[in-house]
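First up is the structure itself, then whatever we jot down about it.
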Amino acid sequence: MSKPMKKIKVLVVDDSKMFRTAVITKLSSQPDIEVVGEAYDPYGARDLIIEYDPDVITLDIQMPYMNGLEFLRILTPQWKVPVIVASSSAQSRQDALRAGAAVFLQKPISPAELSTFLTTLLKHIRLLAGAPVTPVFAEPNTAGTLIKPENNFSGIVAIGASAGGTQTTTSILKRLPPNFPGIVVVQHMPQDFTRTYAESLDKECKIKVKEAEEGDAIARGTCLIAPGGDRHCEVVRMDRRFSVHLRRGAKVSGHCPSVDVLFQSVADAAPGRDAIGVILTGMGADGANGLLRMKNTGSLTIGQDEHTSIVYGMPKVAYDIGAVTRQASLENIPLILLKYLSDNFNETA
């Protein structure tokens, strides 16, 4: 008995219902293609990509909330999936290819051209589904060059989150390359939950993720999740090496482990450009003061914006007291991190 044919999984992203319908109807009629989803905007596309892991994506440029080029610049560094950009603007071709598109197709401007367009689209889908795709960091910097993942940054990225933070932190970590600098995360969770959370992340991410243990080294390609319970997670430094120290203590800013304690220890151990602080969705004010301390030493500090925060509490307080250098959407935070590291590499190389 022969094995069933493995179909090419395609995700269609376009804000035009009429265009999506035409594309989906044609693709669905092919025995070797399965349309796993359709999205009206990049936010819907993001969730479908995570859920279905498509083989090929078709992407429009003009869409609500975020245009296709912005979405592509976030997508291509993190996902090994070829993207076919379809736009009515031929002038967008070079921008799309620079942003990481595998193919650019001009949309048909009349019904008579639709059949030819769909035939061409099918050809490229089949070609791309069988071709290896190497992710590139395709966001152009101010000089118009491509961002590379390599860099000389040997410091720490510290992340703090609370309510809604498990999904948010997962979304960021899954988009980071395997050679990303060492990360320490304080996520407000009950004792015994953090180990399971770390094990789950380790299966999903390109970097290694584990629950932090006393003395663990903070190393490139590794993320340490502070254990829940009655111990704070601090960063300590020995020469140019960083590790975690878990110490028992009372709650700080209402929590143990506390994001404030983590950020303050990072400010002491890795001041200035040796560290990056990120504060994400969460209730209350934990982390704001520590992030301000990091900023005052010269570190880059990032706060999640209100629109993408499930609870805009912790990042709001941090922003209001001036602790946030860059406020950004969840989708843009990985891109900011990668661009900062690339710029740092360019300056120190």
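Each chain in the structure tokens gets a letter, A, B, ..., in the order shown, and its residues are numbered from 1; ligands are numbered from 1 in order too.
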
Using backbone DSSP assignments, extract all strand (DSSP E) residues from region 21-270 of chain A; output them as a ChimeraX atom specification. /A:33-39,56-59,83-87,103-106,137-140,146-147,156-161,182-187,208-211,222-225,231-238,241-248

At a cut-off of 12 Å, using only C-alpha atoms, what residues contact Asp60 (chain A)? Leave out same-chain residues fewer than 6 positions from it and give the result as a ChimeraX atom specification. /A:11-17,19-20,38-42,45,66-72,83-89,92-93,96,101,104-107

Store the residues of this selection in a file with C-alpha atoms, as a compact mmCIF listing (two decimals), in the first residue's frame.
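Final output, part.txt:
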```txt
# COMPACT_ATOMS: atom_id res chain seq x y z
CA LEU A 11 -0.78 30.04 4.32
CA VAL A 12 -2.48 32.90 2.44
CA VAL A 13 -2.15 36.38 3.98
CA ASP A 14 -4.03 39.23 2.30
CA ASP A 15 -6.57 41.78 3.46
CA SER A 16 -8.62 41.44 0.24
CA LYS A 17 -11.28 38.80 0.73
CA PHE A 19 -8.14 37.99 -3.74
CA ARG A 20 -7.79 35.45 -0.91
CA GLU A 38 -5.90 32.44 5.64
CA ALA A 39 -5.25 35.69 7.47
CA TYR A 40 -6.50 39.25 7.06
CA ASP A 41 -3.52 40.88 8.78
CA PRO A 42 -0.04 40.02 10.17
CA ALA A 45 -0.84 35.33 10.30
CA MET A 66 1.35 46.37 9.99
CA ASN A 67 2.31 46.27 6.34
CA GLY A 68 3.71 43.14 4.74
CA LEU A 69 7.28 44.44 4.51
CA GLU A 70 7.43 45.16 8.24
CA PHE A 71 6.00 41.74 8.98
CA LEU A 72 8.46 40.10 6.60
CA VAL A 83 7.51 33.83 1.40
CA ILE A 84 5.95 34.87 -1.91
CA VAL A 85 5.05 38.54 -1.83
CA ALA A 86 2.16 39.50 -4.14
CA SER A 87 1.52 43.20 -4.61
CA SER A 88 -0.13 45.49 -7.13
CA SER A 89 2.85 47.85 -6.78
CA SER A 92 7.79 47.31 -4.09
CA ARG A 93 9.76 44.47 -5.72
CA ALA A 96 10.28 42.97 -0.71
CA ALA A 101 10.93 37.54 0.22
CA PHE A 104 7.88 38.84 -5.78
CA LEU A 105 4.81 38.63 -8.01
CA GLN A 106 2.78 41.55 -9.28
CA LYS A 107 -0.91 41.12 -8.67
```

Using only C-alpha atoms, find each residue of region 316-341 of chain A with at least one atom at most 12 Å away from an atom of region 281-286 of chain A; report its shortest atom-to-atom pair and that distance in Å (one decimal), sort the rows by chain and rising residue number, and return the result as a Markdown table.
```
| residue | atom | partner | partner_atom | distance |
| --- | --- | --- | --- | --- |
| A:Lys316 | CA | A:Ala285 | CA | 8.3 |
| A:Val317 | CA | A:Ala285 | CA | 5.9 |
| A:Ala318 | CA | A:Ala285 | CA | 7.4 |
| A:Tyr319 | CA | A:Ala285 | CA | 10.6 |
| A:Asp320 | CA | A:Ala285 | CA | 10.7 |
| A:Ile321 | CA | A:Ala285 | CA | 10.7 |
| A:Ala323 | CA | A:Ala285 | CA | 11.9 |
| A:Ala328 | CA | A:Thr281 | CA | 11.8 |
| A:Ser329 | CA | A:Thr281 | CA | 10.8 |
| A:Leu330 | CA | A:Thr281 | CA | 9.5 |
```

How close does region 230-280 of chain A get to region 210-226 of chain A? List, as a Markdown table, each residue of region 230-280 of chain A within 7 Å, its nearest atom pair and the distance in Å to one decimal, counting only C-alpha atoms.
```
| residue | atom | partner | partner_atom | distance |
| --- | --- | --- | --- | --- |
| A:Cys233 | CA | A:Ala226 | CA | 5.9 |
| A:Phe242 | CA | A:Ile218 | CA | 5.4 |
| A:Ser243 | CA | A:Ala217 | CA | 4.2 |
| A:Val244 | CA | A:Gly215 | CA | 5.3 |
| A:His245 | CA | A:Glu214 | CA | 5.4 |
| A:Leu246 | CA | A:Glu214 | CA | 5.6 |
```

Restricting it to N, CA and C atoms, dump the selection as a PDB file, in the first residue's frame.
```
ATOM      1  N   CYS A 233      16.420  35.587  41.982  1.00  0.00           N
ATOM      2  CA  CYS A 233      17.415  35.220  40.974  1.00  0.00           C
ATOM      3  C   CYS A 233      18.264  36.448  40.658  1.00  0.00           C
ATOM      4  N   PHE A 242      29.453  35.421  33.527  1.00  0.00           N
ATOM      5  CA  PHE A 242      28.271  35.695  34.332  1.00  0.00           C
ATOM      6  C   PHE A 242      27.596  34.386  34.720  1.00  0.00           C
ATOM      7  N   SER A 243      27.021  34.380  35.914  1.00  0.00           N
ATOM      8  CA  SER A 243      26.259  33.219  36.379  1.00  0.00           C
ATOM      9  C   SER A 243      25.111  33.690  37.246  1.00  0.00           C
ATOM     10  N   VAL A 244      24.239  32.751  37.624  1.00  0.00           N
ATOM     11  CA  VAL A 244      23.092  33.116  38.451  1.00  0.00           C
ATOM     12  C   VAL A 244      23.323  32.690  39.897  1.00  0.00           C
ATOM     13  N   HIS A 245      22.819  33.525  40.784  1.00  0.00           N
ATOM     14  CA  HIS A 245      22.851  33.219  42.219  1.00  0.00           C
ATOM     15  C   HIS A 245      21.415  33.248  42.713  1.00  0.00           C
ATOM     16  N   LEU A 246      20.988  32.152  43.331  1.00  0.00           N
ATOM     17  CA  LEU A 246      19.630  32.053  43.868  1.00  0.00           C
ATOM     18  C   LEU A 246      19.701  32.204  45.378  1.00  0.00           C
TER      19      LEU A 246
END
```

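Note that the spacing between CA of Asp239 (chain A) and CA of Leu291 (chain A) amounts to 23.4 Å.
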